[in-house]
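*Asks:* Below is the file start-v3.cif, with mmCIF, C-alpha atoms.
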```cif
data_coords
loop_
_atom_site.label_atom_id
_atom_site.label_comp_id
_atom_site.auth_asym_id
_atom_site.auth_seq_id
_atom_site.Cartn_x
_atom_site.Cartn_y
_atom_site.Cartn_z
CA MET M 1 -16.13 -7.46 -8.56
CA SER M 2 -15.13 -5.75 -5.33
CA SER M 3 -14.04 -2.18 -6.02
CA SER M 4 -14.75 -0.97 -2.49
CA THR M 5 -12.74 -0.97 0.72
CA GLY M 6 -13.33 0.19 4.27
CA HIS M 7 -16.17 -0.06 6.80
CA SER M 8 -17.02 3.29 8.42
CA PHE M 9 -14.90 5.27 5.95
CA ARG M 10 -15.48 3.49 2.65
CA ILE M 11 -14.33 4.23 -0.89
CA THR M 12 -15.45 2.76 -4.20
CA THR M 13 -13.30 3.40 -7.27
CA PHE M 14 -14.45 3.17 -10.88
CA GLY M 15 -13.09 3.53 -14.41
CA GLU M 16 -10.58 1.90 -16.76
CA SER M 17 -7.08 2.84 -17.84
CA HIS M 18 -8.09 3.83 -21.37
CA GLY M 19 -11.74 4.71 -20.78
CA LYS M 20 -13.32 8.14 -20.38
CA GLY M 21 -11.91 8.60 -16.91
CA LEU M 22 -11.66 7.28 -13.35
CA GLY M 23 -13.13 8.29 -10.05
CA VAL M 24 -13.87 7.56 -6.43
CA ILE M 25 -16.99 7.68 -4.27
CA ILE M 26 -16.25 8.30 -0.58
CA ASP M 27 -18.87 7.31 1.96
CA GLY M 28 -18.63 8.05 5.67
CA CYS M 29 -16.57 11.24 5.68
CA LEU M 30 -17.40 13.48 8.62
CA SER M 31 -19.42 16.61 7.85
CA ARG M 32 -18.05 20.16 8.00
CA VAL M 33 -14.49 19.04 7.26
CA PRO M 34 -12.60 21.74 5.32
CA ILE M 35 -11.30 20.28 2.05
CA ASP M 36 -8.48 21.98 0.19
CA PHE M 37 -8.57 20.79 -3.41
CA ALA M 38 -5.04 22.09 -3.96
CA LYS M 39 -3.84 19.45 -1.49
CA ILE M 40 -5.73 16.72 -3.34
CA GLN M 41 -4.27 17.98 -6.60
CA HIS M 42 -0.77 18.02 -5.12
CA GLN M 43 -0.96 14.32 -4.27
CA LEU M 44 -2.35 13.55 -7.73
CA HIS M 45 0.55 15.43 -9.30
CA ARG M 46 3.02 13.41 -7.25
CA ARG M 47 1.46 10.22 -8.64
CA ARG M 48 0.81 11.28 -12.22
CA PRO M 49 2.88 10.03 -15.18
CA GLY M 50 5.07 12.09 -17.48
CA THR M 51 6.89 13.98 -14.74
CA SER M 52 10.41 12.74 -15.50
CA SER M 53 12.46 10.62 -17.91
CA ILE M 54 12.17 7.57 -15.62
CA THR M 55 8.37 7.46 -15.50
CA SER M 56 5.72 6.62 -18.06
CA GLN M 57 5.50 9.36 -20.67
CA ARG M 58 1.72 9.29 -20.70
CA GLN M 59 0.71 12.95 -20.36
CA GLU M 60 -2.24 13.14 -18.00
CA LYS M 61 -3.11 16.34 -16.15
CA ASP M 62 -5.09 14.34 -13.58
CA GLU M 63 -7.22 17.32 -12.64
CA VAL M 64 -9.79 16.40 -10.02
CA ILE M 65 -13.44 17.34 -10.48
CA CYS M 66 -15.83 17.26 -7.53
CA LEU M 67 -19.27 15.93 -8.47
CA SER M 68 -20.89 15.87 -5.02
CA GLY M 69 -20.47 15.93 -1.26
CA ILE M 70 -18.46 19.16 -0.87
CA GLU M 71 -19.92 22.66 -0.91
CA ASN M 72 -18.16 25.94 -0.22
CA GLY M 73 -15.05 24.01 0.82
CA LEU M 74 -16.83 21.89 3.47
CA THR M 75 -17.97 18.27 3.39
CA LEU M 76 -21.74 17.87 3.64
CA GLY M 77 -21.78 14.43 5.25
CA SER M 78 -23.16 12.94 2.03
CA PRO M 79 -21.08 10.78 -0.35
CA VAL M 80 -18.16 12.64 -1.90
CA ALA M 81 -17.69 11.86 -5.60
CA LEU M 82 -14.45 12.83 -7.34
CA HIS M 83 -13.73 12.37 -11.05
CA ILE M 84 -10.48 12.45 -13.04
CA LEU M 85 -10.71 12.48 -16.83
CA ASN M 86 -8.39 10.50 -19.09
CA THR M 87 -7.01 12.97 -21.62
CA ASP M 88 -4.06 11.04 -23.12
CA ALA M 89 -5.33 7.49 -23.50
CA LYS M 90 -3.87 5.66 -26.50
CA PRO M 91 -5.69 2.34 -26.90
CA LYS M 92 -4.06 1.77 -30.31
CA ASP M 93 -0.75 1.17 -28.50
CA TYR M 94 -2.21 -2.18 -27.45
CA SER M 95 -3.40 -3.35 -30.86
CA SER M 96 -0.44 -5.72 -31.24
CA THR M 97 -1.07 -7.42 -27.89
CA LYS M 98 -4.87 -7.61 -27.70
CA HIS M 99 -4.91 -11.22 -28.94
CA LEU M 100 -2.28 -12.59 -26.56
CA TYR M 101 -1.67 -13.02 -22.86
CA ARG M 102 1.07 -10.67 -21.71
CA PRO M 103 3.44 -12.38 -19.22
CA SER M 104 2.82 -11.46 -15.56
CA HIS M 105 -0.12 -9.20 -16.46
CA ALA M 106 -3.72 -9.87 -15.42
CA ASP M 107 -4.82 -10.74 -18.99
CA TYR M 108 -5.20 -14.50 -18.52
CA THR M 109 -6.58 -14.49 -14.98
CA TRP M 110 -9.05 -11.67 -15.76
CA GLN M 111 -10.38 -13.57 -18.75
CA GLN M 112 -10.69 -16.76 -16.73
CA LYS M 113 -12.74 -14.94 -14.09
CA PHE M 114 -14.90 -12.57 -16.18
CA HIS M 115 -14.78 -14.23 -19.66
CA ILE M 116 -14.04 -10.85 -21.23
CA LEU M 117 -11.02 -8.55 -21.49
CA PRO M 118 -10.74 -4.76 -21.79
CA ALA M 119 -9.99 -3.74 -25.37
CA SER M 120 -6.77 -1.98 -24.38
CA GLY M 121 -4.31 -1.86 -21.52
CA GLY M 122 -5.13 -3.57 -18.28
CA GLY M 123 -8.50 -1.89 -17.72
CA ARG M 124 -9.27 -1.99 -14.00
CA ALA M 125 -6.14 -4.08 -13.40
CA SER M 126 -3.95 -1.20 -14.61
CA ALA M 127 -2.08 0.91 -12.08
CA ARG M 128 -3.94 3.85 -13.65
CA GLU M 129 -6.79 2.89 -11.30
CA THR M 130 -4.75 4.14 -8.34
CA VAL M 131 -5.34 7.77 -9.34
CA ALA M 132 -8.79 7.35 -7.75
CA ARG M 133 -7.28 5.90 -4.57
CA VAL M 134 -4.92 8.85 -4.23
CA ALA M 135 -7.83 11.28 -4.54
CA GLY M 136 -9.78 9.36 -1.89
CA GLY M 137 -6.74 9.09 0.35
CA ALA M 138 -6.17 12.85 0.17
CA VAL M 139 -9.70 13.42 1.50
CA ALA M 140 -9.16 10.85 4.27
CA GLU M 141 -5.92 12.58 5.24
CA GLN M 142 -7.56 16.01 5.45
CA MET M 143 -10.38 14.62 7.57
CA LEU M 144 -7.89 13.04 9.97
CA LYS M 145 -5.80 16.21 10.22
CA HIS M 146 -9.00 18.12 11.01
CA VAL M 147 -9.61 15.96 14.10
CA LEU M 148 -5.99 14.93 14.78
CA PRO M 149 -3.79 17.95 13.92
CA ALA M 150 -0.54 16.00 14.41
CA PHE M 151 -1.53 13.29 11.92
CA GLU M 152 0.94 12.87 9.07
CA VAL M 153 1.84 10.13 6.60
CA VAL M 154 5.19 10.19 4.80
CA ALA M 155 6.48 7.41 2.53
CA TYR M 156 9.80 7.23 0.73
CA VAL M 157 11.92 4.87 -1.36
CA THR M 158 14.44 2.76 0.56
CA ARG M 159 15.63 0.43 -2.19
CA VAL M 160 15.74 0.06 -5.98
CA GLY M 161 16.77 -3.42 -7.06
CA LYS M 162 19.71 -4.20 -4.76
CA ILE M 163 20.68 -0.55 -4.18
CA ALA M 164 19.45 0.49 -0.72
CA ILE M 165 19.79 3.41 1.66
CA LYS M 166 22.14 2.91 4.62
CA LYS M 167 19.42 3.07 7.28
CA ALA M 168 15.69 3.67 7.18
CA ILE M 169 14.45 6.85 8.88
CA ILE M 170 11.59 5.72 11.11
CA ASP M 171 11.48 8.48 13.72
CA GLY M 172 8.95 10.59 11.83
CA SER M 173 11.44 13.37 11.10
CA LEU M 174 11.04 13.22 7.31
CA SER M 175 8.51 15.48 5.60
CA ARG M 176 7.11 15.09 2.11
CA ALA M 177 9.06 18.18 1.11
CA ASP M 178 12.24 16.41 2.23
CA VAL M 179 11.32 13.31 0.24
CA ASP M 180 10.40 15.25 -2.90
CA GLN M 181 13.84 16.84 -3.12
CA SER M 182 14.85 13.55 -4.73
CA LEU M 183 13.58 12.61 -8.20
CA LEU M 184 13.20 9.08 -6.86
CA ARG M 185 11.75 10.16 -3.51
CA CYS M 186 14.75 8.67 -1.72
CA PRO M 187 16.09 10.73 1.22
CA GLU M 188 19.78 9.96 0.56
CA PRO M 189 21.21 12.06 -2.32
CA THR M 190 24.18 9.79 -3.05
CA THR M 191 21.98 6.70 -3.02
CA THR M 192 19.50 8.49 -5.30
CA GLU M 193 22.27 9.04 -7.85
CA SER M 194 23.17 5.35 -7.85
CA MET M 195 19.52 4.37 -8.14
CA LEU M 196 18.91 6.76 -11.03
CA LYS M 197 21.92 5.44 -12.91
CA HIS M 198 20.71 1.88 -12.40
CA ILE M 199 17.15 2.66 -13.57
CA LYS M 200 18.40 4.43 -16.70
CA GLU M 201 20.60 1.45 -17.57
CA ILE M 202 17.68 -0.90 -17.01
CA LYS M 203 15.40 1.26 -19.16
CA ASN M 204 17.93 1.45 -21.98
CA ASN M 205 18.02 -2.34 -21.99
CA GLY M 206 14.24 -2.47 -22.34
CA ASP M 207 13.92 -3.97 -18.87
CA SER M 208 12.38 -3.00 -15.51
CA VAL M 209 13.28 -3.13 -11.82
CA GLY M 210 11.50 -3.32 -8.45
CA GLY M 211 12.30 -2.18 -4.93
CA GLU M 212 10.96 -1.12 -1.53
CA ILE M 213 9.13 1.76 0.14
CA CYS M 214 9.00 2.67 3.82
CA CYS M 215 5.99 4.50 5.23
CA CYS M 216 5.77 6.33 8.58
CA ILE M 217 2.51 7.44 10.20
CA LYS M 218 2.65 9.82 13.14
CA GLY M 219 0.13 11.64 15.27
CA VAL M 220 -1.95 8.46 15.66
CA PRO M 221 -3.73 8.04 19.00
CA SER M 222 -3.52 4.82 20.95
CA GLY M 223 -6.52 2.54 20.71
CA LEU M 224 -7.11 2.29 16.95
CA GLY M 225 -7.54 -1.18 15.54
CA GLU M 226 -9.26 -4.39 16.57
CA PRO M 227 -7.68 -7.25 18.56
CA ILE M 228 -8.64 -10.22 16.38
CA PHE M 229 -9.43 -10.26 12.65
CA ASP M 230 -9.34 -6.53 11.92
CA LYS M 231 -5.98 -5.88 13.52
CA LEU M 232 -4.63 -2.51 12.44
CA GLU M 233 -1.57 -4.05 10.81
CA ALA M 234 -3.75 -6.66 9.07
CA ASP M 235 -5.92 -3.97 7.48
CA LEU M 236 -2.84 -1.96 6.53
CA ALA M 237 -1.37 -5.10 4.97
CA LYS M 238 -4.52 -5.77 2.95
CA ALA M 239 -4.67 -2.16 1.74
CA ILE M 240 -1.03 -1.95 0.76
CA MET M 241 -0.99 -5.41 -0.83
CA SER M 242 -3.94 -4.33 -3.00
CA ILE M 243 -1.69 -1.82 -4.79
CA PRO M 244 -0.68 -3.15 -8.22
CA ALA M 245 2.85 -4.67 -8.25
CA CYS M 246 3.08 -4.84 -4.42
CA ARG M 247 4.54 -8.18 -3.36
CA TYR M 248 5.10 -7.92 0.39
CA PHE M 249 4.16 -5.96 3.49
CA SER M 250 6.28 -5.86 6.64
CA ILE M 251 5.26 -4.06 9.86
CA GLY M 252 7.90 -2.67 12.21
CA ASP M 253 11.15 -4.61 12.09
CA GLY M 254 9.40 -7.39 10.19
CA ILE M 255 11.62 -10.31 9.22
CA GLU M 256 14.42 -9.06 11.47
CA ALA M 257 12.11 -9.53 14.46
CA SER M 258 11.67 -13.19 13.53
CA GLN M 259 15.43 -13.68 13.88
CA ARG M 260 15.73 -12.17 17.38
CA LEU M 261 15.26 -13.29 20.96
CA GLY M 262 12.37 -11.88 22.94
CA SER M 263 14.87 -10.04 25.14
CA GLU M 264 16.16 -8.28 22.03
CA ASN M 265 12.82 -7.51 20.43
CA ASN M 266 10.51 -6.43 23.27
CA ASP M 267 9.68 -2.71 23.49
CA ALA M 268 10.15 -1.71 27.13
CA LEU M 269 7.63 0.76 28.58
CA MET M 270 8.48 3.88 30.55
CA GLN M 271 6.58 6.74 32.14
CA THR M 272 7.38 10.24 30.92
CA THR M 273 7.49 13.39 33.02
CA GLN M 274 4.16 14.36 31.42
CA GLY M 275 2.57 11.27 32.94
CA THR M 276 2.14 9.33 29.71
CA ILE M 277 3.59 5.96 28.70
CA GLU M 278 6.10 5.56 25.90
CA ARG M 279 8.35 2.81 24.64
CA GLN M 280 12.12 2.81 24.83
CA SER M 281 12.20 1.22 21.38
CA ASN M 282 9.66 0.64 18.59
CA HIS M 283 10.41 -2.75 17.06
CA SER M 284 6.67 -3.42 16.83
CA GLY M 285 6.12 -0.52 14.44
CA GLY M 286 3.62 1.33 16.64
CA ILE M 287 1.10 -1.51 16.92
CA GLU M 288 0.68 -4.06 19.72
CA GLY M 289 -2.04 -6.71 19.76
CA GLY M 290 -3.49 -5.25 16.57
CA ILE M 291 -4.04 -1.86 18.27
CA SER M 292 -2.05 1.36 17.92
CA HIS M 293 -0.03 2.25 21.02
CA GLY M 294 0.40 5.96 20.31
CA GLY M 295 3.88 5.83 18.82
CA ILE M 296 4.97 6.11 15.21
CA ILE M 297 3.59 3.40 12.95
CA TYR M 298 6.00 2.29 10.27
CA PHE M 299 5.99 -0.44 7.67
CA TYR M 300 7.71 -1.53 4.46
CA ALA M 301 6.18 -2.47 1.12
CA GLY M 302 8.03 -4.32 -1.64
CA PHE M 303 7.21 -3.87 -5.33
CA LYS M 304 8.03 -6.16 -8.22
CA PRO M 305 9.46 -4.94 -11.53
CA PRO M 306 6.78 -3.64 -13.94
CA SER M 307 5.56 -6.48 -16.13
CA THR M 308 5.84 -4.60 -19.43
CA ILE M 309 9.38 -4.84 -20.76
CA PHE M 310 10.63 -4.13 -24.26
CA GLN M 311 12.45 -7.38 -24.80
CA PRO M 312 11.38 -10.57 -26.64
CA GLN M 313 9.21 -12.84 -24.48
CA THR M 314 7.38 -16.09 -25.08
CA THR M 315 3.69 -16.42 -24.35
CA LEU M 316 0.41 -17.77 -25.72
CA THR M 317 -2.28 -16.21 -27.89
CA HIS M 318 -5.94 -16.41 -26.86
CA SER M 319 -6.18 -19.48 -29.08
CA LEU M 320 -3.27 -20.97 -27.08
CA LYS M 321 -0.77 -20.70 -29.92
CA PRO M 322 2.86 -20.24 -28.71
CA ILE M 323 4.30 -16.92 -29.80
CA SER M 324 7.30 -14.69 -29.23
CA TYR M 325 6.57 -11.00 -28.99
CA THR M 326 8.07 -7.64 -28.07
CA PRO M 327 5.74 -4.68 -27.31
CA GLN M 328 5.92 -2.24 -30.22
CA ALA M 329 4.47 0.72 -28.33
CA GLY M 330 3.28 1.77 -24.91
CA ARG M 331 4.25 4.14 -22.16
CA HIS M 332 5.34 2.29 -19.06
CA ASP M 333 7.46 2.92 -15.98
CA PRO M 334 10.79 1.07 -15.82
CA CYS M 335 10.37 1.37 -12.02
CA VAL M 336 7.09 2.09 -10.21
CA LEU M 337 8.58 3.22 -6.90
CA PRO M 338 8.61 7.06 -7.19
CA ARG M 339 4.96 7.15 -8.27
CA ALA M 340 3.96 4.44 -5.77
CA VAL M 341 4.96 6.66 -2.82
CA PRO M 342 1.76 8.79 -2.81
CA ILE M 343 -0.31 5.64 -3.45
CA VAL M 344 1.12 4.01 -0.31
CA GLU M 345 0.41 7.22 1.63
CA ALA M 346 -3.17 7.25 0.34
CA MET M 347 -3.91 3.65 1.29
CA ALA M 348 -2.41 4.20 4.76
CA SER M 349 -4.60 7.29 5.26
CA LEU M 350 -7.72 5.40 4.16
CA VAL M 351 -7.10 2.63 6.71
CA MET M 352 -6.40 5.09 9.51
CA ALA M 353 -9.53 7.12 8.69
CA ASP M 354 -11.63 3.97 8.72
CA HIS M 355 -10.29 2.78 12.07
CA PHE M 356 -10.58 6.25 13.59
CA LEU M 357 -14.27 6.37 12.72
CA ARG M 358 -14.82 2.78 13.84
CA HIS M 359 -13.30 3.55 17.23
CA HIS M 360 -15.22 6.84 17.45
CA THR M 361 -18.48 4.97 16.78
CA GLN M 362 -17.74 2.26 19.35
CA HIS M 363 -16.33 4.30 22.20
CA GLY M 364 -16.53 8.03 21.47
CA PRO M 365 -13.63 10.48 21.13
CA SER M 366 -12.93 10.62 24.87
CA HIS M 367 -11.40 7.13 24.69
CA LEU M 368 -8.63 8.31 22.37
CA SER M 369 -5.30 9.74 23.43
CA THR M 370 -3.59 11.78 20.72
CA THR M 371 -0.12 11.40 22.14
CA SER M 372 0.35 8.14 24.00
CA GLU M 373 -1.39 5.90 26.46
CA ASP M 374 -2.81 7.28 29.67
CA VAL M 375 -1.32 5.96 32.88
#
```
Before we go any further, please render this structure as structure tokens.

*Replies:*
Amino acid sequence: MSSSTGHSFRITTFGESHGKGLGVIIDGCLSRVPIDFAKIQHQLHRRRPGTSSITSQRQEKDEVICLSGIENGLTLGSPVALHILNTDAKPKDYSSTKHLYRPSHADYTWQQKFHILPASGGGRASARETVARVAGGAVAEQMLKHVLPAFEVVAYVTRVGKIAIKKAIIDGSLSRADVDQSLLRCPEPTTTESMLKHIKEIKNNGDSVGGEICCCIKGVPSGLGEPIFDKLEADLAKAIMSIPACRYFSIGDGIEASQRLGSENNDALMQTTQGTIERQSNHSGGIEGGISHGGIIYFYAGFKPPSTIFQPQTTLTHSLKPISYTPQAGRHDPCVLPRAVPIVEAMASLVMADHFLRHHTQHGPSHLSTTSEDV
């Protein structure tokens, strides 16, 4: 099983949804990087369940414990190990479903691959695993801000079901504080109200709903990424698509770009008074030829409705007997989007940290421009 991602900045996550706990081992972090655990904890709190009536009511504190790699607030250059205990696991909630394959869960495919299933919940396939990613991503983000002070990643909800904001904000002007003013992490108050009403109706019907998240990354130097197989957008796509329930990734203007003429879609270059090069538009989403061009990177990620719904469904038992069932217990999100926002930010930070270190190893820091391309 592959539970690791990254090359120069590499994380390995461990633990199951209803086990003792989960954690992450981070290898490759630069030494002497100041780490503020309050910032890691803040991101974990943004992801954790039980924070509102529209999220899972599982009550986890998600307090991070550092096992190694950080001393007196500084990274040592050795592997960083972070651990988060499970304090509100309820495996008995799954007693009625442990002998059947839940529709659209990983039960059947996991058993086909490993010939064994976790006793409760989804085990490693559960979205609970992402708590470790968020912890690792928070370290990656702090390392990048240490060497690139303008670096910032902000994600937000653009759509729930068919209810969408009027226009995505892709100029980097949104902060996480702006996003968190909304219970749904949607920057439009009136749209948030409509989304909330829709989610509550869906939840009351025992159903679930999906949607979309936009993520903006700013303060990225030009030159990150590889021109062939490890294109920056390709690695971002792989990272984001690895998030449970994610069903699509779209860089820049995405599908809209496929419907345009080249004359409509090309990003014209211009020289600024400071002697740098910028683009008059950013349809490419900050990446050209698989390499960052120094502008804002933005992408969209689409998430399916959570698979657990409290309505009758047909399925098969492990002995392949047809059965109709309705979950009798369990604490599940009717919509994953608000809690997926910090997960998207974490995966984006992990990819950027990895490519920063890869570039640094290949060419040295002098080859990077923190604003835009050199003329």

*Asks:* For a quick check of understanding, using only C-alpha atoms, which of M:Leu350, M:Ala340, M:Ile240, M:Leu67 has the smallest distance to Arg48 (chain M)?

*Replies:*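 So, comparing all the options, the nearest one is M:Ala340.
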
*Asks:* Give me, as a Markdown table, the closest atom pair and its distance (Å, one decimal) for every residue of region 94-207 of chain M within a cut-off of 8 Å of region 308-313 of chain M, counting all atoms listed in the file, rows sorted by chain and rising number.

*Replies:*
```
| residue | atom | partner | partner_atom | distance |
| --- | --- | --- | --- | --- |
| M:Pro103 | CA | M:Gln313 | CA | 7.8 |
| M:Asn205 | CA | M:Phe310 | CA | 7.9 |
| M:Gly206 | CA | M:Phe310 | CA | 4.4 |
| M:Asp207 | CA | M:Ile309 | CA | 5.0 |
```

*Asks:* Point out the residue among M:Thr314, M:Thr158, M:Asn282, M:Thr130 with the least atom-to-atom distance to Asp171 (chain M), counting all atoms listed in the file.

*Replies:* M:Asn282

*Asks:* Write out as a ChimeraX atom specification each polymer residue whose atoms come within 8 Å of Val209 (chain M), counting all atoms listed in the file; drop sequence neighbours fewer than 6 positions from it.

*Replies:* /M:160-161,199,202,304-306,334-335

*Asks:* Given all atoms listed in the file as the basis, pick out the residue of M:His42, M:Lys197, M:Lys20, M:His363 nearest to Leu85 (chain M).

*Replies:*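 The shortest atom-to-atom distance to Leu85 (chain M) comes from M:Lys20.
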
*Asks:* Quick one: which residues end up in the PyMOL selection byres ((chain M and resi 13-19) around 12) for this structure, as an MDAnalysis selection string?

*Replies:* chainID M and resid 1:6 10:12 20:27 58 60 80:94 117:137

*Asks:* Apply the PyMOL selection byres ((chain M and resi 352-360) around 6) to the file shown and report the selected residues as a tab-separated table (two decimals) with C-alpha atoms, in the frame of the given file.

*Replies:*
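The result, written out as result_19.tsv:
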```tsv
chain	number	residue	atom	x	y	z
M	8	SER	CA	-17.02	3.29	8.42
M	9	PHE	CA	-14.90	5.27	5.95
M	140	ALA	CA	-9.16	10.85	4.27
M	224	LEU	CA	-7.11	2.29	16.95
M	225	GLY	CA	-7.54	-1.18	15.54
M	349	SER	CA	-4.60	7.29	5.26
M	350	LEU	CA	-7.72	5.40	4.16
M	351	VAL	CA	-7.10	2.63	6.71
M	361	THR	CA	-18.48	4.97	16.78
M	362	GLN	CA	-17.74	2.26	19.35
M	363	HIS	CA	-16.33	4.30	22.20
M	364	GLY	CA	-16.53	8.03	21.47
M	365	PRO	CA	-13.63	10.48	21.13
```

*Asks:* Got a sec to resolve the PyMOL selection byres ((chain M and resi 111) around 12) on this structure and send the residues as a PyMOL selection string?

*Replies:* chain M and resi 99-101+105-110+112-119+122-123+125+318

*Asks:* I'd like the interatomic distance between CA of Glu288 (chain M) and CA of Ala257 (chain M), to a tenth of an Å.

*Replies:*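 If I compute the distance from CA of Glu288 (chain M) to CA of Ala257 (chain M), I get 13.7 Å.
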
*Asks:* Just checking: using all atoms listed in the file, which residue out of M:Ser250, M:Gln328, M:Ser31, M:Asn265 ends up closest to Glu71 (chain M)?

*Replies:*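 Of M:Ser250, M:Gln328, M:Ser31, M:Asn265, the one nearest Glu71 (chain M) is M:Ser31, counting all atoms listed in the file.
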
*Asks:* Take CA of Met143 (chain M) and CA of Cys214 (chain M) and report the distance between them in Å, one decimal.

*Replies:* 23.1 Å

*Asks:* Once you count all atoms listed in the file, which residues end up no further than 6 Å from (-3.1, 13.3, -12.4) in the file's frame, shown as a PyMOL selection string?

*Replies:* chain M and resi 44-45+48+60-63

*Asks:* Would you export the selected residues with C-alpha atoms as a PDB file, keeping the file's coordinate frame, please?

*Replies:*
```
ATOM      1  CA  LEU M  44      -2.350  13.550  -7.730  1.00  0.00           C
ATOM      2  CA  HIS M  45       0.550  15.430  -9.300  1.00  0.00           C
ATOM      3  CA  ARG M  48       0.810  11.280 -12.220  1.00  0.00           C
ATOM      4  CA  GLU M  60      -2.240  13.140 -18.000  1.00  0.00           C
ATOM      5  CA  LYS M  61      -3.110  16.340 -16.150  1.00  0.00           C
ATOM      6  CA  ASP M  62      -5.090  14.340 -13.580  1.00  0.00           C
ATOM      7  CA  GLU M  63      -7.220  17.320 -12.640  1.00  0.00           C
TER       8      GLU M  63
END
```

*Asks:* Using Å and a single decimal, report how far CA of Val157 (chain M) sits from CA of Glu345 (chain M).

*Replies:* 12.1 Å

*Asks:* Ranking M:Ala301, M:Ser175, M:Gly223, M:Ser324 by minimum distance to Tyr248 (chain M) and counting only C-alpha atoms, which one comes first?

*Replies:*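 Residue with the minimum atom-to-atom distance to Tyr248 (chain M): M:Ala301.
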
*Asks:* Export region 297-313 of chain M, N, CA and C atoms, as a compact mmCIF listing (two decimals), in the first residue's frame; it's the structure right above.

*Replies:*
```
# COMPACT_ATOMS: atom_id res chain seq x y z
N ILE M 297 -1.40 30.94 -8.95
CA ILE M 297 -1.84 29.63 -9.40
C ILE M 297 -3.25 29.41 -8.85
N TYR M 298 -4.17 29.03 -9.71
CA TYR M 298 -5.50 28.71 -9.21
C TYR M 298 -6.07 27.50 -9.92
N PHE M 299 -6.84 26.73 -9.16
CA PHE M 299 -7.46 25.53 -9.71
C PHE M 299 -8.78 25.27 -9.00
N TYR M 300 -9.56 24.35 -9.58
CA TYR M 300 -10.85 23.96 -9.01
C TYR M 300 -10.85 22.46 -8.74
N ALA M 301 -11.52 22.06 -7.68
CA ALA M 301 -11.66 20.64 -7.35
C ALA M 301 -13.13 20.35 -7.07
N GLY M 302 -13.65 19.30 -7.71
CA GLY M 302 -15.05 18.93 -7.53
C GLY M 302 -15.18 17.71 -6.63
N PHE M 303 -16.15 17.74 -5.72
CA PHE M 303 -16.35 16.66 -4.76
C PHE M 303 -17.75 16.06 -4.91
N LYS M 304 -17.80 14.75 -4.86
CA LYS M 304 -19.07 14.04 -4.96
C LYS M 304 -19.83 14.11 -3.64
N PRO M 305 -21.10 13.76 -3.64
CA PRO M 305 -21.84 13.69 -2.37
C PRO M 305 -21.26 12.58 -1.49
N PRO M 306 -21.21 12.76 -0.17
CA PRO M 306 -20.77 11.68 0.71
C PRO M 306 -21.57 10.41 0.47
N SER M 307 -20.90 9.27 0.51
CA SER M 307 -21.56 8.00 0.16
C SER M 307 -22.55 7.52 1.21
N THR M 308 -22.32 7.87 2.48
CA THR M 308 -23.26 7.44 3.52
C THR M 308 -24.49 8.33 3.52
N ILE M 309 -25.62 7.75 3.22
CA ILE M 309 -26.90 8.45 3.29
C ILE M 309 -27.86 7.61 4.12
N PHE M 310 -28.81 8.27 4.76
CA PHE M 310 -29.74 7.58 5.65
C PHE M 310 -31.07 7.35 4.95
N GLN M 311 -30.97 6.65 3.85
CA GLN M 311 -32.12 6.23 3.06
C GLN M 311 -31.94 4.76 2.69
N PRO M 312 -33.03 4.03 2.40
CA PRO M 312 -32.89 2.63 2.00
C PRO M 312 -32.10 2.50 0.70
N GLN M 313 -31.16 1.55 0.69
CA GLN M 313 -30.37 1.28 -0.51
C GLN M 313 -30.24 -0.23 -0.69
```
